[in-house]
Each structure stands twice: as structure tokens, then as C-alpha cells.
$ cat coords.cif   # mmCIF, C-alpha atoms, pLDDT in the B column; chains and numbers go by the auth columns
data_start
loop_
_atom_site.group_PDB
_atom_site.id
_atom_site.type_symbol
_atom_site.label_atom_id
_atom_site.label_comp_id
_atom_site.label_asym_id
_atom_site.label_seq_id
_atom_site.Cartn_x
_atom_site.Cartn_y
_atom_site.Cartn_z
_atom_site.B_iso_or_equiv
_atom_site.auth_seq_id
_atom_site.auth_asym_id
ATOM 1 C CA MET A 1 0.000 0.000 0.000 63.00 1 K
ATOM 2 C CA ALA A 2 1.519 3.284 -1.164 71.00 2 K
ATOM 3 C CA LEU A 3 0.822 5.270 2.032 78.00 3 K
ATOM 4 C CA GLY A 4 1.077 2.359 4.421 68.00 4 K
ATOM 5 C CA ASP A 5 4.333 3.500 5.994 76.00 5 K
ATOM 6 C CA GLN A 6 3.017 7.030 6.622 79.00 6 K
ATOM 7 C CA ALA A 7 -0.422 6.497 8.079 82.00 7 K
ATOM 8 C CA THR A 8 -2.812 4.086 9.700 85.00 8 K
ATOM 9 C CA LEU A 9 -5.657 3.895 7.205 86.00 9 K
ATOM 10 C CA LEU A 10 -9.221 3.456 8.428 88.00 10 K
ATOM 11 C CA ALA A 11 -11.590 2.879 5.528 89.00 11 K
ATOM 12 C CA TYR A 12 -15.211 1.877 5.287 91.00 12 K
ATOM 13 C CA ASP A 13 -17.335 0.655 2.404 86.00 13 K
ATOM 14 C CA LEU A 14 -20.253 2.825 1.373 88.00 14 K
ATOM 15 C CA PRO A 15 -23.732 1.287 1.461 85.00 15 K
ATOM 16 C CA SER A 16 -24.135 -1.201 -1.419 84.00 16 K
ATOM 17 C CA HIS A 17 -20.346 -1.303 -1.829 85.00 17 K
ATOM 18 C CA GLY A 18 -17.777 -3.922 -0.865 84.00 18 K
ATOM 19 C CA GLN A 19 -18.539 -5.587 2.433 85.00 19 K
ATOM 20 C CA SER A 20 -21.213 -3.118 3.547 83.00 20 K
ATOM 21 C CA GLY A 21 -24.805 -4.222 3.310 81.00 21 K
ATOM 22 C CA ASP A 22 -27.053 -3.049 0.530 82.00 22 K
ATOM 23 C CA TRP A 23 -28.753 0.261 1.138 78.00 23 K
ATOM 24 C CA ASP A 24 -32.315 -0.310 2.313 81.00 24 K
ATOM 25 C CA ARG A 25 -33.495 2.668 0.226 82.00 25 K
ATOM 26 C CA LYS A 26 -34.799 4.430 3.316 84.00 26 K
ATOM 27 C CA GLY A 27 -33.944 8.024 4.113 87.00 27 K
ATOM 28 C CA ASN A 28 -31.261 10.084 2.393 95.00 28 K
ATOM 29 C CA LEU A 29 -28.388 8.004 1.026 95.00 29 K
ATOM 30 C CA HIS A 30 -25.772 10.717 1.570 97.00 30 K
ATOM 31 C CA ASP A 31 -26.921 11.196 5.152 97.00 31 K
ATOM 32 C CA VAL A 32 -26.463 7.466 5.753 95.00 32 K
ATOM 33 C CA ALA A 33 -22.970 7.434 4.221 95.00 33 K
ATOM 34 C CA THR A 34 -21.943 10.567 6.123 97.00 34 K
ATOM 35 C CA ASP A 35 -23.199 9.212 9.436 96.00 35 K
ATOM 36 C CA MET A 36 -21.098 6.081 8.861 94.00 36 K
ATOM 37 C CA GLY A 37 -18.007 8.253 8.497 96.00 37 K
ATOM 38 C CA ARG A 38 -19.005 10.541 11.350 97.00 38 K
ATOM 39 C CA ALA A 39 -18.985 7.585 13.735 96.00 39 K
ATOM 40 C CA LEU A 40 -15.333 6.864 12.878 95.00 40 K
ATOM 41 C CA LEU A 41 -14.026 10.351 13.691 96.00 41 K
ATOM 42 C CA THR A 42 -12.703 9.854 17.210 95.00 42 K
ATOM 43 C CA GLU A 43 -9.923 12.474 16.999 95.00 43 K
ATOM 44 C CA PRO A 44 -8.666 14.984 14.410 96.00 44 K
ATOM 45 C CA MET A 45 -7.939 12.907 11.304 97.00 45 K
ATOM 46 C CA ASP A 46 -6.743 13.306 7.715 97.00 46 K
ATOM 47 C CA LEU A 47 -9.686 12.592 5.421 98.00 47 K
ATOM 48 C CA ILE A 48 -9.212 11.207 1.905 97.00 48 K
ATOM 49 C CA GLY A 49 -12.072 10.704 -0.539 97.00 49 K
ATOM 50 C CA HIS A 50 -12.736 10.008 -4.213 97.00 50 K
ATOM 51 C CA SER A 51 -15.882 10.827 -6.208 96.00 51 K
ATOM 52 C CA PHE A 52 -18.968 10.261 -4.008 96.00 52 K
ATOM 53 C CA GLY A 53 -16.642 9.436 -1.108 97.00 53 K
ATOM 54 C CA ALA A 54 -14.946 12.790 -1.563 98.00 54 K
ATOM 55 C CA THR A 55 -18.286 14.552 -1.108 98.00 55 K
ATOM 56 C CA VAL A 56 -18.743 12.673 2.168 98.00 56 K
ATOM 57 C CA ALA A 57 -15.275 13.768 3.327 98.00 57 K
ATOM 58 C CA MET A 58 -16.055 17.344 2.264 98.00 58 K
ATOM 59 C CA ARG A 59 -19.315 17.347 4.185 98.00 59 K
ATOM 60 C CA LEU A 60 -17.648 15.996 7.319 98.00 60 K
ATOM 61 C CA ALA A 61 -14.988 18.700 7.054 98.00 61 K
ATOM 62 C CA ILE A 62 -17.679 21.388 6.922 98.00 62 K
ATOM 63 C CA GLU A 63 -19.904 19.911 9.620 98.00 63 K
ATOM 64 C CA MET A 64 -17.150 18.671 11.986 98.00 64 K
ATOM 65 C CA PRO A 65 -14.062 20.808 11.270 98.00 65 K
ATOM 66 C CA GLU A 66 -12.667 20.239 14.745 98.00 66 K
ATOM 67 C CA MET A 67 -12.300 16.527 13.887 98.00 67 K
ATOM 68 C CA VAL A 68 -10.526 16.997 10.538 98.00 68 K
ATOM 69 C CA ARG A 69 -6.799 17.786 10.398 97.00 69 K
ATOM 70 C CA SER A 70 -6.643 17.858 6.605 98.00 70 K
ATOM 71 C CA LEU A 71 -8.906 17.094 3.649 98.00 71 K
ATOM 72 C CA THR A 72 -7.888 15.394 0.396 98.00 72 K
ATOM 73 C CA MET A 73 -10.385 15.011 -2.449 98.00 73 K
ATOM 74 C CA PHE A 74 -10.096 13.607 -5.931 98.00 74 K
ATOM 75 C CA GLU A 75 -12.924 14.798 -8.170 98.00 75 K
ATOM 76 C CA PRO A 76 -15.771 15.147 -5.664 98.00 76 K
ATOM 77 C CA VAL A 77 -18.975 14.818 -7.693 97.00 77 K
ATOM 78 C CA TYR A 78 -20.697 17.727 -5.970 98.00 78 K
ATOM 79 C CA PHE A 79 -22.588 18.938 -9.030 96.00 79 K
ATOM 80 C CA ALA A 80 -24.697 21.346 -6.960 97.00 80 K
ATOM 81 C CA ALA A 81 -21.810 23.770 -6.469 97.00 81 K
ATOM 82 C CA ALA A 82 -20.907 23.975 -10.151 96.00 82 K
ATOM 83 C CA MET A 83 -24.539 24.265 -11.219 95.00 83 K
ATOM 84 C CA GLU A 84 -25.142 27.093 -8.792 95.00 84 K
ATOM 85 C CA ASP A 85 -22.219 28.961 -10.344 95.00 85 K
ATOM 86 C CA ALA A 86 -23.079 28.039 -13.950 93.00 86 K
ATOM 87 C CA PRO A 87 -26.728 26.923 -14.372 92.00 87 K
ATOM 88 C CA ALA A 88 -26.125 26.148 -18.051 89.00 88 K
ATOM 89 C CA LEU A 89 -24.195 23.069 -16.925 88.00 89 K
ATOM 90 C CA TRP A 90 -27.543 21.383 -16.296 87.00 90 K
ATOM 91 C CA GLU A 91 -28.079 21.166 -20.060 88.00 91 K
ATOM 92 C CA THR A 92 -24.581 19.804 -20.622 86.00 92 K
ATOM 93 C CA TYR A 93 -24.987 17.193 -17.930 87.00 93 K
ATOM 94 C CA ASP A 94 -28.453 16.162 -19.093 87.00 94 K
ATOM 95 C CA ALA A 95 -27.128 15.638 -22.607 87.00 95 K
ATOM 96 C CA HIS A 96 -24.243 13.483 -21.395 85.00 96 K
ATOM 97 C CA ASN A 97 -26.447 11.577 -18.961 91.00 97 K
ATOM 98 C CA SER A 98 -29.399 10.920 -21.269 94.00 98 K
ATOM 99 C CA ALA A 99 -28.420 7.342 -22.184 95.00 99 K
ATOM 100 C CA PHE A 100 -28.130 6.378 -18.522 95.00 100 K
ATOM 101 C CA ALA A 101 -31.354 8.159 -17.572 96.00 101 K
ATOM 102 C CA ASP A 102 -33.277 6.489 -20.395 97.00 102 K
ATOM 103 C CA ALA A 103 -31.968 3.010 -19.572 97.00 103 K
ATOM 104 C CA TYR A 104 -32.716 3.413 -15.866 97.00 104 K
ATOM 105 C CA ALA A 105 -36.195 4.754 -16.500 97.00 105 K
ATOM 106 C CA SER A 106 -36.942 1.782 -18.757 98.00 106 K
ATOM 107 C CA GLY A 107 -35.861 -0.672 -16.070 98.00 107 K
ATOM 108 C CA ASP A 108 -32.825 -1.937 -18.006 98.00 108 K
ATOM 109 C CA MET A 109 -30.362 -1.930 -15.107 97.00 109 K
ATOM 110 C CA MET A 110 -27.647 -3.715 -17.077 98.00 110 K
ATOM 111 C CA GLU A 111 -27.690 -1.057 -19.782 97.00 111 K
ATOM 112 C CA ALA A 112 -27.787 1.661 -17.127 97.00 112 K
ATOM 113 C CA ALA A 113 -24.685 0.149 -15.508 97.00 113 K
ATOM 114 C CA ARG A 114 -22.950 -0.080 -18.882 97.00 114 K
ATOM 115 C CA THR A 115 -23.570 3.560 -19.768 96.00 115 K
ATOM 116 C CA PHE A 116 -22.591 4.753 -16.289 95.00 116 K
ATOM 117 C CA ASN A 117 -19.361 2.749 -16.436 93.00 117 K
ATOM 118 C CA ARG A 118 -18.580 4.209 -19.858 91.00 118 K
ATOM 119 C CA GLY A 119 -18.710 7.729 -18.460 87.00 119 K
ATOM 120 C CA TRP A 120 -17.175 7.197 -15.027 90.00 120 K
ATOM 121 C CA GLY A 121 -15.135 3.992 -15.240 89.00 121 K
ATOM 122 C CA ASP A 122 -11.427 3.408 -15.768 88.00 122 K
ATOM 123 C CA GLY A 123 -11.711 2.841 -19.514 88.00 123 K
ATOM 124 C CA THR A 124 -12.079 -0.939 -19.379 92.00 124 K
ATOM 125 C CA LYS A 125 -14.424 -2.101 -22.148 94.00 125 K
ATOM 126 C CA TRP A 126 -17.760 -3.365 -20.838 95.00 126 K
ATOM 127 C CA ASP A 127 -17.372 -6.719 -22.603 94.00 127 K
ATOM 128 C CA ALA A 128 -14.007 -7.204 -20.891 96.00 128 K
ATOM 129 C CA ILE A 129 -15.554 -6.946 -17.432 95.00 129 K
ATOM 130 C CA PRO A 130 -16.452 -10.363 -15.942 96.00 130 K
ATOM 131 C CA ASP A 131 -20.144 -11.248 -15.992 96.00 131 K
ATOM 132 C CA THR A 132 -20.306 -11.470 -12.211 96.00 132 K
ATOM 133 C CA LEU A 133 -18.932 -7.945 -11.802 95.00 133 K
ATOM 134 C CA ARG A 134 -21.271 -6.542 -14.439 96.00 134 K
ATOM 135 C CA GLN A 135 -24.215 -8.112 -12.617 96.00 135 K
ATOM 136 C CA TYR A 136 -22.919 -6.746 -9.298 93.00 136 K
ATOM 137 C CA MET A 137 -22.916 -3.233 -10.746 95.00 137 K
ATOM 138 C CA ALA A 138 -26.340 -3.636 -12.354 96.00 138 K
ATOM 139 C CA ASP A 139 -27.843 -4.857 -9.082 94.00 139 K
ATOM 140 C CA ARG A 140 -26.590 -1.732 -7.303 94.00 140 K
ATOM 141 C CA ILE A 141 -26.969 0.914 -9.970 95.00 141 K
ATOM 142 C CA HIS A 142 -29.890 2.387 -8.002 94.00 142 K
ATOM 143 C CA PHE A 143 -27.156 4.023 -5.886 94.00 143 K
ATOM 144 C CA VAL A 144 -26.617 6.587 -8.651 95.00 144 K
ATOM 145 C CA PRO A 145 -30.067 8.226 -8.780 95.00 145 K
ATOM 146 C CA ALA A 146 -30.383 7.809 -5.003 95.00 146 K
ATOM 147 C CA SER A 147 -27.363 10.100 -4.583 96.00 147 K
ATOM 148 C CA ALA A 148 -29.018 12.968 -6.470 96.00 148 K
ATOM 149 C CA PRO A 149 -30.688 14.757 -3.511 97.00 149 K
ATOM 150 C CA PHE A 150 -27.284 15.705 -2.129 98.00 150 K
ATOM 151 C CA LEU A 151 -25.030 15.696 -5.195 97.00 151 K
ATOM 152 C CA PHE A 152 -27.367 17.762 -7.366 96.00 152 K
ATOM 153 C CA HIS A 153 -29.790 19.451 -4.981 96.00 153 K
ATOM 154 C CA ASP A 154 -27.623 20.062 -1.906 98.00 154 K
ATOM 155 C CA SER A 155 -29.960 18.327 0.540 98.00 155 K
ATOM 156 C CA ALA A 156 -27.561 19.110 3.418 98.00 156 K
ATOM 157 C CA ASN A 157 -27.658 22.848 2.576 98.00 157 K
ATOM 158 C CA LEU A 158 -23.878 23.184 2.419 98.00 158 K
ATOM 159 C CA LEU A 159 -24.208 26.000 -0.096 97.00 159 K
ATOM 160 C CA ALA A 160 -26.361 28.064 2.229 94.00 160 K
ATOM 161 C CA GLY A 161 -24.750 31.101 3.783 91.00 161 K
ATOM 162 C CA ASN A 162 -21.001 30.723 4.061 92.00 162 K
ATOM 163 C CA ARG A 163 -20.742 27.199 5.431 97.00 163 K
ATOM 164 C CA PHE A 164 -17.658 26.307 3.395 98.00 164 K
ATOM 165 C CA ALA A 165 -15.742 28.866 5.460 97.00 165 K
ATOM 166 C CA GLN A 166 -16.020 26.431 8.376 97.00 166 K
ATOM 167 C CA ALA A 167 -13.652 24.019 6.595 98.00 167 K
ATOM 168 C CA THR A 168 -10.505 25.908 7.554 97.00 168 K
ATOM 169 C CA MET A 169 -8.183 22.895 7.449 98.00 169 K
ATOM 170 C CA PRO A 170 -5.596 22.522 4.633 98.00 170 K
ATOM 171 C CA THR A 171 -7.239 20.914 1.619 98.00 171 K
ATOM 172 C CA LEU A 172 -5.796 19.131 -1.405 98.00 172 K
ATOM 173 C CA LEU A 173 -8.145 19.090 -4.400 98.00 173 K
ATOM 174 C CA MET A 174 -7.167 16.926 -7.379 98.00 174 K
ATOM 175 C CA ARG A 175 -8.537 16.001 -10.803 97.00 175 K
ATOM 176 C CA GLY A 176 -7.351 14.322 -13.970 96.00 176 K
ATOM 177 C CA ASP A 177 -6.477 16.300 -17.075 95.00 177 K
ATOM 178 C CA GLN A 178 -8.722 14.011 -19.148 93.00 178 K
ATOM 179 C CA SER A 179 -11.799 14.459 -16.988 90.00 179 K
ATOM 180 C CA SER A 180 -15.070 16.001 -18.144 88.00 180 K
ATOM 181 C CA ASP A 181 -15.888 19.692 -18.364 89.00 181 K
ATOM 182 C CA THR A 182 -18.410 19.187 -15.565 91.00 182 K
ATOM 183 C CA THR A 183 -15.721 17.755 -13.291 93.00 183 K
ATOM 184 C CA ILE A 184 -13.445 20.692 -14.071 94.00 184 K
ATOM 185 C CA ALA A 185 -16.268 23.081 -13.203 95.00 185 K
ATOM 186 C CA ILE A 186 -16.962 21.308 -9.900 97.00 186 K
ATOM 187 C CA ASN A 187 -13.330 21.535 -8.827 97.00 187 K
ATOM 188 C CA ALA A 188 -13.211 25.196 -9.789 97.00 188 K
ATOM 189 C CA SER A 189 -16.351 25.915 -7.767 97.00 189 K
ATOM 190 C CA LEU A 190 -14.957 24.190 -4.691 98.00 190 K
ATOM 191 C CA GLU A 191 -11.556 25.836 -5.077 98.00 191 K
ATOM 192 C CA LYS A 192 -13.104 29.278 -4.779 96.00 192 K
ATOM 193 C CA ARG A 193 -15.205 28.288 -1.760 97.00 193 K
ATOM 194 C CA LEU A 194 -12.656 26.471 0.416 98.00 194 K
ATOM 195 C CA PRO A 195 -10.521 28.766 2.600 97.00 195 K
ATOM 196 C CA ASP A 196 -7.202 26.873 2.399 98.00 196 K
ATOM 197 C CA VAL A 197 -6.988 24.808 -0.770 98.00 197 K
ATOM 198 C CA ARG A 198 -4.281 23.768 -3.201 97.00 198 K
ATOM 199 C CA SER A 199 -5.159 22.205 -6.538 97.00 199 K
ATOM 200 C CA VAL A 200 -3.361 19.510 -8.533 98.00 200 K
ATOM 201 C CA VAL A 201 -4.084 18.267 -12.060 97.00 201 K
ATOM 202 C CA VAL A 202 -2.843 14.734 -12.748 96.00 202 K
ATOM 203 C CA GLU A 203 -1.550 14.237 -16.285 95.00 203 K
ATOM 204 C CA ARG A 204 -2.937 11.504 -18.546 95.00 204 K
ATOM 205 C CA ALA A 205 -5.568 10.620 -15.957 95.00 205 K
ATOM 206 C CA GLY A 206 -9.343 10.537 -15.709 93.00 206 K
ATOM 207 C CA HIS A 207 -11.910 10.085 -12.981 94.00 207 K
ATOM 208 C CA MET A 208 -10.535 6.750 -11.774 94.00 208 K
ATOM 209 C CA ALA A 209 -6.977 8.007 -11.273 95.00 209 K
ATOM 210 C CA PRO A 210 -6.849 6.764 -7.656 94.00 210 K
ATOM 211 C CA ILE A 211 -6.903 3.280 -9.228 93.00 211 K
ATOM 212 C CA THR A 212 -5.183 3.836 -12.570 94.00 212 K
ATOM 213 C CA HIS A 213 -2.549 6.252 -11.209 95.00 213 K
ATOM 214 C CA ALA A 214 -2.394 5.152 -7.580 94.00 214 K
ATOM 215 C CA LYS A 215 1.319 5.852 -7.067 94.00 215 K
ATOM 216 C CA ARG A 216 1.019 9.377 -8.465 95.00 216 K
ATOM 217 C CA ILE A 217 -1.980 10.132 -6.279 96.00 217 K
ATOM 218 C CA ALA A 218 -0.223 8.714 -3.225 95.00 218 K
ATOM 219 C CA ALA A 219 2.843 10.844 -3.974 95.00 219 K
ATOM 220 C CA GLU A 220 0.712 13.991 -4.093 97.00 220 K
ATOM 221 C CA ILE A 221 -0.940 13.113 -0.786 97.00 221 K
ATOM 222 C CA SER A 222 2.451 12.377 0.779 95.00 222 K
ATOM 223 C CA LYS A 223 3.789 15.743 -0.385 96.00 223 K
ATOM 224 C CA PHE A 224 0.676 17.478 0.919 97.00 224 K
ATOM 225 C CA TRP A 225 0.938 15.845 4.338 95.00 225 K
ATOM 226 C CA ALA A 226 4.632 16.735 4.553 94.00 226 K
ATOM 227 C CA SER A 227 3.693 20.389 4.142 94.00 227 K
ATOM 228 C CA LEU A 228 1.264 20.427 7.051 92.00 228 K
#
$ encode --input "coords.cif" --output "C-alpha cells"
Amino acid sequence: MALGDQATLLAYDLPSHGQSGDWDRKGNLHDVATDMGRALLTEPMDLIGHSFGATVAMRLAIEMPEMVRSLTMFEPVYFAAAMEDAPALWETYDAHNSAFADAYASGDMMEAARTFNRGWGDGTKWDAIPDTLRQYMADRIHFVPASAPFLFHDSANLLAGNRFAQATMPTLLMRGDQSSDTTIAINASLEKRLPDVRSVVVERAGHMAPITHAKRIAAEISKFWASL
């Protein structure tokens, strides 16, 4: 593990991921995921998150700043911030997301998983993914629309007032140079809101860089921690 000699890593699987149970579809999914993380914050810690997980880390940093020493995020999918700054992004996102939305609405979960993976995966061709893994993703693809109340509509009201100012800890915000325009806009929106943030663009990388470029990401985190 790239950071194993620098930190004791405490990780948890999101609902419907890994060894966590499937989400029971009750309540707000982001609230559930955030409460899981909240329970693990026993002292000031360094939070690291990717994609949806990065939005959980971000929320914890805003809501419990006294328990967060530093915050590291790779492409948090907090669309609400970017769309507040540039409402026209809704049209761009809807156009890019139409295939997924249509498949999900029709009940074709396998096709919904395929189109989602095409836009947010690591570039592996769908046919090259084992059948069991494709079925695993299709069975849990409901996670994507269930995340919308927070990711798109800011159900936790983080954009209200000046709540981002509460996250005063040093923050590292990363993205890939091959990521979508929407992702670029999200990072830019968060960069202007966070009080103490440094940004890094990873070359020849997309949304799944923490997997495809793990050593590079770990090196950036290590450098960031050394500066604290």
C-alpha cells in the first residue's frame, strides 16, 4: 500500500459497496454514508475521498471541522456547487447523462450500468468486465439516482450562507487532465469556496486516477501531508 508507511488507514465501504450491506433505500443516502463516516471520527484525522466518497469527506470537514486535520479530495462529484455557479451546466450534464437516464427509466439496469461505467469507469471495455462484476454493478446501480438529492440538490444545505468557510483545514483538491468539463467546473467551484486549498491536475488521468494512477496520487498526498 503506497501510504502504508506514513499512516494508519481506516476505511469503510459505502452502502451497497464492498462488504457493507445493501442500502435499504430508506432516508437520504448521503446522510447514511456521512453518518457512517461521522462515527469513525474519534480524533482529528486526515480525510481522503474520491468521487462520491470525496463529497462525504467534504461534508464531514464542513460539519465537523474540529475533527478533521486535513482534507484530500479527488474529483468530488458535488454537481450542486458547479450548477449554482453556472446553471447552463444542467443542459450539458443532461445531454451526457441521457443514455443512462433512459436506460434506468426503462428498467434496463444492465444497460444503465454499462452507460454509467462508460462515463465514469477506468476505460475498461464493458465486454471485458467479468459477468459477475457486471451483474454486481447492475444490481446496485440504483445508488446513482439515489445520490441525487445531495449531489445535485444540496440536501444538506452546504451551499447556504457561508458554510464552506467552516472548513478551515488545509485541503488538497485533485482532478485528472482528461476528466469532463463538468468535473473541471466542480473543482473550480470548490476551489473558490474552500478557505485553504491547493489544486493539482494529474496528467494523462481521468476520474478513476486513484486506481489507474495510484502511485502518483499517493505521492501527491504524501507531499501534501509533509507540508502540514
$ closest_atom_pairs --input "coords.cif" --of "stretch 122-219 of chain K" --to "stretch 89-102 of chain K" --cutoff "12 Å" --atoms "all atoms listed in the file" --output "CSV"
residue,atom,partner,partner_atom,distance
K:Ala138,CA,K:Phe100,CA,11.9
K:Ile141,CA,K:Phe100,CA,10.2
K:His142,CA,K:Ala101,CA,11.3
K:Val144,CA,K:Phe100,CA,10.0
K:Pro145,CA,K:Ala101,CA,8.9
K:Phe152,CA,K:Trp90,CA,9.6
K:His153,CA,K:Trp90,CA,11.7
K:Ser180,CA,K:Tyr93,CA,10.0
K:Asp181,CA,K:Thr92,CA,9.0
K:Thr182,CA,K:Leu89,CA,7.1
K:Thr183,CA,K:Tyr93,CA,10.4
K:Ile184,CA,K:Leu89,CA,11.4
K:Ala185,CA,K:Leu89,CA,8.8
K:Ile186,CA,K:Leu89,CA,10.2
$ residues_around --input "coords.cif" --residues "K:Ile211" --least-positions-apart "4" --cutoff "9 Å" --atoms "only C-alpha atoms" --output "list of chain:residue names"
K:Asp122, K:Lys215, K:Ile217
$ residues_around --input "coords.cif" --residues "K:Gly18" --least-positions-apart "3" --cutoff "12 Å" --atoms "all atoms listed in the file" --output "list of chain:residue names"
K:Ala11, K:Tyr12, K:Asp13, K:Leu14, K:Pro15, K:Gly21, K:Asp22, K:Trp23, K:Leu133, K:Tyr136, K:Met137, K:Arg140
$ closest_residue --input "coords.cif" --among "K:Met45, K:Ala214, K:Ala146, K:Ala7" --to "K:Val32" --atoms "only C-alpha atoms"
K:Ala146
$ residues_around --input "coords.cif" --residues "K:Met110" --least-positions-apart "3" --cutoff "10 Å" --atoms "all atoms listed in the file" --output "list of chain:residue names"
K:Ala103, K:Tyr104, K:Gly107, K:Ala113, K:Arg114, K:Thr115, K:Phe116, K:Arg134, K:Gln135, K:Tyr136, K:Met137, K:Ala138, K:Asp139, K:Ile141
$ atom_distance --input "coords.cif" --atom1 "atom CA of K:Thr34" --atom2 "atom CA of K:Thr168"
19.2 Å
$ build_atoms --input "coords.cif" --residues "stretch 148-161 of chain K" --atoms "N, CA, C and O atoms" --output "mmCIF file, in the coordinates of the input"
data_model
loop_
_atom_site.group_PDB
_atom_site.id
_atom_site.type_symbol
_atom_site.label_atom_id
_atom_site.label_comp_id
_atom_site.auth_asym_id
_atom_site.auth_seq_id
_atom_site.Cartn_x
_atom_site.Cartn_y
_atom_site.Cartn_z
ATOM 1 N N ALA K 148 -28.696 11.663 -5.889
ATOM 2 C CA ALA K 148 -29.018 12.968 -6.470
ATOM 3 C C ALA K 148 -29.466 14.027 -5.462
ATOM 4 O O ALA K 148 -29.107 15.204 -5.616
ATOM 5 N N PRO K 149 -30.251 13.694 -4.421
ATOM 6 C CA PRO K 149 -30.688 14.757 -3.511
ATOM 7 C C PRO K 149 -29.542 15.583 -2.933
ATOM 8 O O PRO K 149 -29.673 16.802 -2.782
ATOM 9 N N PHE K 150 -28.427 14.937 -2.618
ATOM 10 C CA PHE K 150 -27.284 15.705 -2.129
ATOM 11 C C PHE K 150 -26.421 16.205 -3.270
ATOM 12 O O PHE K 150 -26.088 17.396 -3.333
ATOM 13 N N LEU K 151 -26.011 15.317 -4.175
ATOM 14 C CA LEU K 151 -25.030 15.696 -5.195
ATOM 15 C C LEU K 151 -25.532 16.803 -6.110
ATOM 16 O O LEU K 151 -24.758 17.680 -6.517
ATOM 17 N N PHE K 152 -26.820 16.781 -6.434
ATOM 18 C CA PHE K 152 -27.367 17.762 -7.366
ATOM 19 C C PHE K 152 -28.185 18.861 -6.685
ATOM 20 O O PHE K 152 -28.232 19.987 -7.175
ATOM 21 N N HIS K 153 -28.835 18.507 -5.581
ATOM 22 C CA HIS K 153 -29.790 19.451 -4.981
ATOM 23 C C HIS K 153 -29.392 19.918 -3.584
ATOM 24 O O HIS K 153 -30.161 20.587 -2.924
ATOM 25 N N ASP K 154 -28.187 19.545 -3.147
ATOM 26 C CA ASP K 154 -27.623 20.062 -1.906
ATOM 27 C C ASP K 154 -28.564 19.865 -0.719
ATOM 28 O O ASP K 154 -28.876 20.800 0.018
ATOM 29 N N SER K 155 -28.989 18.621 -0.519
ATOM 30 C CA SER K 155 -29.960 18.327 0.540
ATOM 31 C C SER K 155 -29.445 18.674 1.930
ATOM 32 O O SER K 155 -30.236 18.878 2.853
ATOM 33 N N ALA K 156 -28.130 18.746 2.113
ATOM 34 C CA ALA K 156 -27.561 19.110 3.418
ATOM 35 C C ALA K 156 -27.357 20.612 3.567
ATOM 36 O O ALA K 156 -26.850 21.072 4.592
ATOM 37 N N ASN K 157 -27.743 21.381 2.534
ATOM 38 C CA ASN K 157 -27.658 22.848 2.576
ATOM 39 C C ASN K 157 -26.238 23.369 2.838
ATOM 40 O O ASN K 157 -26.049 24.360 3.559
ATOM 41 N N LEU K 158 -25.257 22.719 2.243
ATOM 42 C CA LEU K 158 -23.878 23.184 2.419
ATOM 43 C C LEU K 158 -23.616 24.497 1.695
ATOM 44 O O LEU K 158 -22.699 25.237 2.062
ATOM 45 N N LEU K 159 -24.416 24.781 0.670
ATOM 46 C CA LEU K 159 -24.208 26.000 -0.096
ATOM 47 C C LEU K 159 -24.885 27.207 0.535
ATOM 48 O O LEU K 159 -24.696 28.337 0.079
ATOM 49 N N ALA K 160 -25.663 26.966 1.571
ATOM 50 C CA ALA K 160 -26.361 28.064 2.229
ATOM 51 C C ALA K 160 -25.376 28.912 3.037
ATOM 52 O O ALA K 160 -24.446 28.393 3.662
ATOM 53 N N GLY K 161 -25.609 30.207 3.012
ATOM 54 C CA GLY K 161 -24.750 31.101 3.783
ATOM 55 C C GLY K 161 -23.299 30.982 3.360
ATOM 56 O O GLY K 161 -22.972 30.974 2.183
#
